[in-house]
Structure formats: structure tokens, C-alpha cells
Amino acid sequence: MKNNSFVFVDRPTPRAQGGALMALLGLLLVVPAQAKDVVTIGIGTQHTTTNTVTGGIVIEKMGLLEKYLPKTGKYANVEFKLDWQNFTSGPPITNGMIADRIQIGMMGDYPLLVNGATFQAGHATRSKLIAVIAYNQYGAGNGLVVHKDSPYYELADLKGKKVSVPFGSAAHGMVLKAMEDRGWKEDFWELSSQSPEVGSTNLQEQKIDGHADFVPFMELLPYRGYARKIFDGVETKLPTFHGVVARQDFAEKYPEVIVAYLKALLDANDWVRKNPKLAAEKIEEWTKIEKEVVYVFLGPGGMHTLDPTIKAKWLETIKYDSGVLQRLGRVKEFNADAWIDETWIRQTFKERGLDYDKQKAVIGATAITGTDKFCHKPITKSIEAGEIWEKGGDISVYSSAVCTFGAVKQMMKQGKTIGVTYLFDQGLNLKLFADKAFYAVNDKDPKNLVIEPFLLKKDAEAMAKKIGGKLATYQQILQMIP
């Protein structure tokens, strides 16, 4: 017999189905989203070291790195946290990198060398020089100053005197090189370690006889009116530069982050080059270093050239510097070739469509160009040119020291206030504050006045003798101009 019984199964109504679906969606909505992986990037900067500003404070204030940090692929679920850490010198940055609190740092050549040697001396990872920020092919940037009323005009005058320098800094390296060149032993003077702030104060109060320091202090202290430079790093005849180092483990794990940083560096360099006056003003706002001092380094014809490429000459310099420090027992063996790594800067240039090798082969400062509106002729040689920054106004350019002084005198007669005047040392190729320079002058023929500016008194005296002229100051020359 057929079994005609039925099994009844309850089927939900459409309304009930909708309610169940909403309940399920509600459960899905309360499931937390996957937490992002936070990657902290510690960046060690030196805000008041003018030649590192495009690697640090400019990028930070203008938000340039955020523009390029990767956000797709393996970085889609990564949140970057930028930890900007400011220091007054390089050694503390190296300490932070060793402790892995800082992954990217910037400093001058001697501290960079010590950074690389320290990592090579037994740490689990290494540091790598990944780019240069700024350089001077002749060695300008570091120097030594005395009080403005000091009777000393040369390094030899400081025998047995009290001299300070921040130990481990680029300026310290300059002092050691100058001593080695002259065959001086450590007891030649009383050399002590003082930070820029302490050394500057002690010099002003005349508690020490001389203070050596790095960018920008050897221009800043004379500009502020209480110091006189008697030695510049250009006299060591070795190039100087500031660069960027990164922990190798971080750079290899996050290569796109390093490239992002280097793209930001290129942007910062371009901004300063295209807007030198504005850049100097903004950097003063951010760092409290006077814009006139910033400009003497980073403006046209300035002491340092912005260029991230790692040139062969910089490798030679590092190897020479390493030898100096090894002979003095400051560092052990150092493999400079293994330390330098152009992988990331080459990739940056490639992604920008730039020729890295072509730029790497170029060495030279930016030039002062334009038309001299006082002498009515074009500027043909930067080293012979001058600039006047009118207080609260614009910067005007001139073709020679004579034309510059003529323009200064004319502006004074018009009731205008000169903020600062720049000229160039004719022997050392340094941009100078004109009112701090020494001059060789021949005014026997007022229609063919000869004015040669120099940083050092001895150089001006030698030139004055050569041209049959005399030594003169800025104010004395103004009195000669009709």
C-alpha cells in the first residue's frame, strides 16, 4: 500500500527571510576591520645645520615625504608614522640609529664616516650612505673664529691658547686635518669639546680664545657681530659635504620608503634653488637662523651646492678623512666602498626620468646671473659679482666689487637701508659678508678703482702689496666712493 503521509517542513515567509538577512548583516558589521600595521620612521635631523635643511626641516614643514610614501601593494594595510628627531650635531643621531630609534639620519662628512665605521665594528646591521644633501668642492663650511676684538689673525697665533670644537663633528675633523698638515701635536693648544651653543657663549664672554664649528656658526657668529673668522675649511684643500645615512635592514625591508624620502629631498632641493630668497626667509622662520646667513650658504653662488649624487670625489675624500682619523686613533679600519650604496638614489632618478650618471659627473656651484643695474652690464663671473639685500626689500646683483660699492653708496644717498652685502673672496672662492671682509685697494686712479675682497687679513695684505695698493675696511672703501 502506498504511503500517502506527508512530512511538512516549515518554510520562512519572505518577511522572515529579510529579517534573518538583516540580522546576519548586523553581525558582519560588528566584526572589527583588520588593524593596520604601523611602521614608525625615525628621521634624525639637524635643523640649525643649514646644509642639511633640505633633508630635514624643509621636507617636514612642507609635508613632502607624505606625498610619496607607498600606499598600495604590500603597503595597502600599512600606516606610516613619521618621527622627526632634531639634534644639534651628528653623533647623537648615530647613537639613535644604533639603538634603532632612528632609521634615516643626516650629518657632515666626518660624523658620517664615524657612523659607518661604528656600524661596521660589530653591529647586526650596517649603515649605508644613500645620498648627499649639499657639498662644497673646496672644503668651505667649517671654520674657526675668534672674538671680534682678538689680536689673533691666524691659527698659529693660538699656540697655547684655549680653543673649543664639538668633538666628533665635521669641524673637529677639519681641526685635526689642519693640525696634521702643520705637524702640530695635541698639546699645541688647549683643545676642549664644546657644543655650538656653549662655544658661542664662551667666545662672546671671552672665556676661550677660539672656537671651531660647522655650518652655519662660523658665518652666524661674525654676522651677529661678536666674532671674526681666521680659518676656513677650504684651507684644508679637501671637499666637504653633508649626506644621508640609513640603516641597511630598514632600507632593504622598505626600499620604496627610502625612494619616497629621496624624492622628497629632490623636491626640497628644487624649491630652494628656484626660490632662494623665499627659502631663506622660511628657513629663518623654521630654524631661527637669520635668512642672510642661510642665503650665504644656499643662495646663488652660495658656499654649498645642493646635489644628492654620490660623486667619486666624495668617496676619495671619505677615504682620506678615514686615514686622518685612523692615524690619530679616532677610528679603526673602515671600508668606505662597502658603506656607500647608490641603489636607492639611482632608482629615484630612474623613476623621475633623470640621468643619474650625468648629474654625478657634474661638480660646481650655482652661478649668480643677471644684469648689473648700476654699471649697466651683464654678470659674466660669479666670483667677481656682488649682491645687495635691501632691508625689507629685494636682492639686486652686480658685476664687480666696484659696482657693488657704487650701488651701496647710491642706495644710502637715496635713504635706503642695506640689510646685507655679499662679495667673494678672490683667493678662496668664498661668499662673504662684505662688511666683515678685508680689502686690497688701489685708488690712485679714482676712475679705475681696484677693490679685491678677502676673508683673511694676510691674503688682503699680500694682494695689496702685489697691486701696489693698501689694506682697507668696508667703511674705508665707502668713503672712497664719490
# chains A, B, ... in the order shown; residues from 1 in each chain; ligands from 1

call {"tool": "residues_around", "arguments": {"residues": "segment 233-245 of chain A", "least_positions_apart": "4", "cutoff": "6 Å", "atoms": "only C-alpha atoms", "output": "PyMOL selection string"}}
result
chain A and resi 104-109+128-140+142-143

call {"tool": "residues_around", "arguments": {"residues": "segment 359-372 of chain A", "least_positions_apart": "3", "cutoff": "7 Å", "atoms": "only C-alpha atoms", "output": "list in words"}}
result
Pro300, Gly301, Thr305, Thr309, Ile310, Lys311, Asp355, Tyr356, Cys375, His376, Lys377, Pro378, Ile379, Ser382, Val397, Tyr398 and Ser399 of chain A

call {"tool": "residues_around", "arguments": {"residues": "Lys436 of chain A", "least_positions_apart": "3", "cutoff": "12 Å", "atoms": "only C-alpha atoms", "output": "NGL selection string"}}
result
:A and (148 or 219-230 or 420-425 or 431-433 or 439 or 453-457 or 472-475)

call {"tool": "select_by_dssp", "arguments": {"residues": "segment 179-343 of chain A", "states": "strand (DSSP E)", "output": "list in words"}}
result
Glu190, Leu191, Ser192, Ser193, Gly210, His211, Ala212, Asp213, Ala227, Arg228, Lys229, Ile230, Phe231, Asp232, Thr240, Phe241, His242, Gly243, Val244, Val245, Ala246, Arg247, Thr305 and Leu306 of chain A

call {"tool": "residues_around", "arguments": {"residues": "Lys465 of chain A", "least_positions_apart": "6", "cutoff": "12 Å", "atoms": "only C-alpha atoms", "output": "PDB file with N, CA, C and O atoms, in the first residue's frame"}}
result
ATOM      1  N   TYR A 439      90.126  94.165   2.523  1.00  0.00           N
ATOM      2  CA  TYR A 439      90.216  94.561   1.118  1.00  0.00           C
ATOM      3  C   TYR A 439      91.614  95.034   0.744  1.00  0.00           C
ATOM      4  O   TYR A 439      92.277  95.744   1.515  1.00  0.00           O
ATOM      5  N   ALA A 440      92.029  94.600  -0.454  1.00  0.00           N
ATOM      6  CA  ALA A 440      93.209  95.178  -1.087  1.00  0.00           C
ATOM      7  C   ALA A 440      92.691  96.221  -2.065  1.00  0.00           C
ATOM      8  O   ALA A 440      91.870  95.904  -2.931  1.00  0.00           O
ATOM      9  N   VAL A 441      93.141  97.464  -1.922  1.00  0.00           N
ATOM     10  CA  VAL A 441      92.590  98.571  -2.706  1.00  0.00           C
ATOM     11  C   VAL A 441      93.711  99.385  -3.347  1.00  0.00           C
ATOM     12  O   VAL A 441      94.730  99.673  -2.715  1.00  0.00           O
ATOM     13  N   ASN A 442      93.500  99.736  -4.606  1.00  0.00           N
ATOM     14  CA  ASN A 442      94.376 100.702  -5.275  1.00  0.00           C
ATOM     15  C   ASN A 442      93.483 101.819  -5.782  1.00  0.00           C
ATOM     16  O   ASN A 442      92.682 101.608  -6.709  1.00  0.00           O
ATOM     17  N   GLU A 452      89.699  94.429  -4.178  1.00  0.00           N
ATOM     18  CA  GLU A 452      89.779  92.964  -4.117  1.00  0.00           C
ATOM     19  C   GLU A 452      89.405  92.502  -2.703  1.00  0.00           C
ATOM     20  O   GLU A 452      90.135  92.783  -1.746  1.00  0.00           O
ATOM     21  N   LYS A 458      95.735  88.445   6.097  1.00  0.00           N
ATOM     22  CA  LYS A 458      97.027  88.182   5.462  1.00  0.00           C
ATOM     23  C   LYS A 458      96.904  88.122   3.940  1.00  0.00           C
ATOM     24  O   LYS A 458      97.809  88.568   3.217  1.00  0.00           O
ATOM     25  N   ASP A 459      95.791  87.575   3.434  1.00  0.00           N
ATOM     26  CA  ASP A 459      95.595  87.485   1.992  1.00  0.00           C
ATOM     27  C   ASP A 459      95.369  88.861   1.373  1.00  0.00           C
ATOM     28  O   ASP A 459      95.857  89.152   0.270  1.00  0.00           O
ATOM     29  N   LEU A 471      95.737  98.117   2.420  1.00  0.00           N
ATOM     30  CA  LEU A 471      94.695  97.380   3.112  1.00  0.00           C
ATOM     31  C   LEU A 471      93.580  98.345   3.493  1.00  0.00           C
ATOM     32  O   LEU A 471      93.835  99.479   3.906  1.00  0.00           O
TER      33      LEU A 471
END

call {"tool": "closest_residue", "arguments": {"among": "A:Cys403, A:Leu191, A:Leu69, A:Ile289", "to": "Thr50 of chain A", "atoms": "only C-alpha atoms"}}
result
A:Ile289

call {"tool": "residues_around", "arguments": {"residues": "Pro196 of chain A", "least_positions_apart": "2", "cutoff": "10 Å", "atoms": "only C-alpha atoms", "output": "ChimeraX atom specification"}}
result
/A:88-89,164-166,193-194,198-202,211-218

call {"tool": "write_last_selection", "arguments": {"atoms": "all heavy atoms", "output": "compact mmCIF listing (two decimals), in the first residue's frame"}}
result
# COMPACT_ATOMS: atom_id res chain seq x y z
N THR A 88 71.60 68.82 17.44
CA THR A 88 72.49 69.92 17.07
C THR A 88 73.78 69.43 16.43
O THR A 88 74.59 70.24 15.97
CB THR A 88 72.84 70.78 18.30
OG1 THR A 88 73.44 69.95 19.30
CG2 THR A 88 71.60 71.44 18.87
N SER A 89 74.00 68.11 16.40
CA SER A 89 75.21 67.56 15.76
C SER A 89 74.95 66.12 15.35
O SER A 89 73.90 65.55 15.67
CB SER A 89 76.41 67.64 16.72
OG SER A 89 76.18 66.86 17.88
N SER A 164 87.98 75.61 21.47
CA SER A 164 86.96 74.56 21.60
C SER A 164 86.38 74.21 20.24
O SER A 164 86.43 74.99 19.29
CB SER A 164 85.85 75.01 22.55
OG SER A 164 85.05 76.02 21.97
N VAL A 165 85.81 73.00 20.18
CA VAL A 165 85.17 72.50 18.96
C VAL A 165 84.25 71.36 19.40
O VAL A 165 84.56 70.65 20.36
CB VAL A 165 86.22 71.99 17.94
CG1 VAL A 165 87.03 70.84 18.50
CG2 VAL A 165 85.56 71.59 16.63
N PRO A 166 83.10 71.17 18.77
CA PRO A 166 82.28 70.00 19.10
C PRO A 166 83.00 68.73 18.65
O PRO A 166 83.18 68.50 17.46
CB PRO A 166 80.99 70.22 18.31
CG PRO A 166 81.00 71.67 17.93
CD PRO A 166 82.43 72.05 17.79
N SER A 193 86.05 70.06 24.08
CA SER A 193 84.81 69.85 23.35
C SER A 193 83.71 70.73 23.91
O SER A 193 83.40 70.68 25.10
CB SER A 193 84.38 68.38 23.45
OG SER A 193 83.18 68.15 22.73
N GLN A 194 83.14 71.56 23.04
CA GLN A 194 82.01 72.41 23.42
C GLN A 194 81.01 72.44 22.28
O GLN A 194 81.39 72.54 21.11
CB GLN A 194 82.47 73.84 23.77
CG GLN A 194 83.33 73.92 25.02
CD GLN A 194 83.76 75.33 25.35
OE1 GLN A 194 83.55 76.26 24.58
NE2 GLN A 194 84.38 75.49 26.51
N VAL A 198 77.37 76.36 23.61
CA VAL A 198 78.30 76.65 24.70
C VAL A 198 79.53 77.39 24.18
O VAL A 198 79.98 78.38 24.77
CB VAL A 198 78.71 75.35 25.41
CG1 VAL A 198 79.81 75.60 26.44
CG2 VAL A 198 77.49 74.72 26.09
N GLY A 199 80.08 76.89 23.06
CA GLY A 199 81.27 77.52 22.49
C GLY A 199 81.00 78.97 22.08
O GLY A 199 81.83 79.85 22.30
N SER A 200 79.82 79.22 21.50
CA SER A 200 79.47 80.57 21.08
C SER A 200 79.38 81.50 22.28
O SER A 200 79.89 82.64 22.24
CB SER A 200 78.12 80.56 20.34
OG SER A 200 78.19 79.74 19.20
N THR A 201 78.75 81.04 23.34
CA THR A 201 78.61 81.86 24.55
C THR A 201 79.97 82.14 25.19
O THR A 201 80.27 83.29 25.57
CB THR A 201 77.69 81.16 25.57
OG1 THR A 201 76.41 80.98 24.99
CG2 THR A 201 77.56 81.99 26.84
N ASN A 202 80.80 81.11 25.29
CA ASN A 202 82.12 81.29 25.90
C ASN A 202 83.01 82.21 25.07
O ASN A 202 83.82 82.96 25.63
CB ASN A 202 82.79 79.93 26.09
CG ASN A 202 82.19 79.15 27.24
OD1 ASN A 202 81.56 79.72 28.13
ND2 ASN A 202 82.38 77.84 27.23
N HIS A 211 87.03 79.35 18.72
CA HIS A 211 86.02 78.28 18.66
C HIS A 211 85.88 77.84 17.21
O HIS A 211 85.66 78.66 16.31
CB HIS A 211 84.67 78.78 19.19
CG HIS A 211 83.58 77.76 19.09
ND1 HIS A 211 83.60 76.57 19.82
CD2 HIS A 211 82.44 77.71 18.35
CE1 HIS A 211 82.52 75.86 19.54
NE2 HIS A 211 81.80 76.52 18.65
N ALA A 212 86.01 76.54 16.99
CA ALA A 212 85.82 75.96 15.65
C ALA A 212 84.46 75.30 15.61
O ALA A 212 84.03 74.69 16.59
CB ALA A 212 86.92 74.96 15.34
N ASP A 213 83.78 75.42 14.48
CA ASP A 213 82.44 74.85 14.40
C ASP A 213 82.07 74.62 12.95
O ASP A 213 82.80 74.97 12.03
CB ASP A 213 81.42 75.75 15.08
CG ASP A 213 80.43 74.96 15.93
OD1 ASP A 213 79.99 73.90 15.44
OD2 ASP A 213 80.10 75.40 17.04
N PHE A 214 80.89 74.02 12.78
CA PHE A 214 80.40 73.68 11.45
C PHE A 214 79.30 74.65 11.04
O PHE A 214 78.99 75.62 11.73
CB PHE A 214 79.90 72.23 11.42
CG PHE A 214 78.98 71.87 12.57
CD1 PHE A 214 77.63 72.14 12.53
CD2 PHE A 214 79.50 71.26 13.70
CE1 PHE A 214 76.80 71.81 13.58
CE2 PHE A 214 78.67 70.92 14.77
CZ PHE A 214 77.31 71.21 14.71
N VAL A 215 78.72 74.37 9.88
CA VAL A 215 77.66 75.20 9.31
C VAL A 215 76.50 75.33 10.29
O VAL A 215 76.08 74.33 10.87
CB VAL A 215 77.16 74.53 8.01
CG1 VAL A 215 75.96 75.26 7.45
CG2 VAL A 215 78.28 74.45 6.99
N PRO A 216 75.95 76.54 10.49
CA PRO A 216 76.29 77.83 9.89
C PRO A 216 77.06 78.74 10.83
O PRO A 216 77.19 79.94 10.58
CB PRO A 216 74.90 78.42 9.65
CG PRO A 216 74.14 78.01 10.88
CD PRO A 216 74.67 76.63 11.23
N PHE A 217 77.56 78.17 11.94
CA PHE A 217 78.02 79.01 13.05
C PHE A 217 79.22 79.89 12.73
O PHE A 217 79.38 80.97 13.29
CB PHE A 217 78.29 78.13 14.27
CG PHE A 217 77.05 77.43 14.73
CD1 PHE A 217 76.80 76.11 14.38
CD2 PHE A 217 76.10 78.10 15.47
CE1 PHE A 217 75.63 75.48 14.77
CE2 PHE A 217 74.93 77.48 15.87
CZ PHE A 217 74.70 76.16 15.52
N MET A 218 80.08 79.46 11.81
CA MET A 218 81.26 80.27 11.51
C MET A 218 80.93 81.49 10.65
O MET A 218 81.75 82.38 10.49
CB MET A 218 82.33 79.41 10.83
CG MET A 218 82.87 78.32 11.74
SD MET A 218 83.64 78.92 13.29
CE MET A 218 82.29 78.91 14.46

call {"tool": "closest_residue", "arguments": {"among": "A:Leu262, A:Ile102, A:Thr52, A:Gly415", "to": "Lys350 of chain A", "atoms": "only C-alpha atoms"}}
result
A:Leu262

call {"tool": "closest_residue", "arguments": {"among": "A:Glu205, A:Asp321, A:Glu186, A:Glu154", "to": "Val114 of chain A", "atoms": "only C-alpha atoms"}}
result
A:Asp321

call {"tool": "select_by_dssp", "arguments": {"residues": "segment 95-259 of chain A", "states": "alpha helix (DSSP H)", "output": "ChimeraX atom specification"}}
result
/A:95-98,109-120,170-182,196-204,217-223,248-253,255-259

call {"tool": "closest_residue", "arguments": {"among": "A:Ile318, A:Ala178, A:Leu65, A:Val450", "to": "Phe334 of chain A", "atoms": "only C-alpha atoms"}}
result
A:Ile318

call {"tool": "atom_distance", "arguments": {"atom1": "atom CA of Lys277 of chain A", "atom2": "atom CA of Val58 of chain A"}}
result
14.4 Å

call {"tool": "closest_residue", "arguments": {"among": "A:Leu112, A:Ala156, A:Ile59, A:Ile43", "to": "Trp339 of chain A", "atoms": "only C-alpha atoms"}}
result
A:Leu112

call {"tool": "closest_residue", "arguments": {"among": "A:Thr54, A:Asn448, A:Thr125, A:Gln479", "to": "Val272 of chain A", "atoms": "only C-alpha atoms"}}
result
A:Thr54

call {"tool": "closest_atom_pairs", "arguments": {"of": "segment 186-261 of chain A", "to": "segment 77-84 of chain A", "cutoff": "12 Å", "atoms": "only C-alpha atoms", "output": "tab-separated table"}}
result
residue	atom	partner	partner_atom	distance
A:Tyr254	CA	A:Val78	CA	11.4
A:Val257	CA	A:Phe80	CA	9.6
A:Tyr261	CA	A:Leu82	CA	11.2

call {"tool": "write_last_selection", "arguments": {"atoms": "N, CA, C and O atoms", "output": "compact mmCIF listing (two decimals), in the first residue's frame"}}
result
# COMPACT_ATOMS: atom_id res chain seq x y z
N TYR A 254 62.16 48.10 3.43
CA TYR A 254 61.21 49.09 2.91
C TYR A 254 61.89 49.99 1.85
O TYR A 254 62.02 51.20 2.03
N VAL A 257 60.12 53.14 0.71
CA VAL A 257 60.12 54.26 1.67
C VAL A 257 61.37 55.11 1.49
O VAL A 257 61.31 56.34 1.52
N TYR A 261 61.55 59.02 0.39
CA TYR A 261 62.30 60.07 1.09
C TYR A 261 63.21 60.83 0.11
O TYR A 261 63.30 62.06 0.14
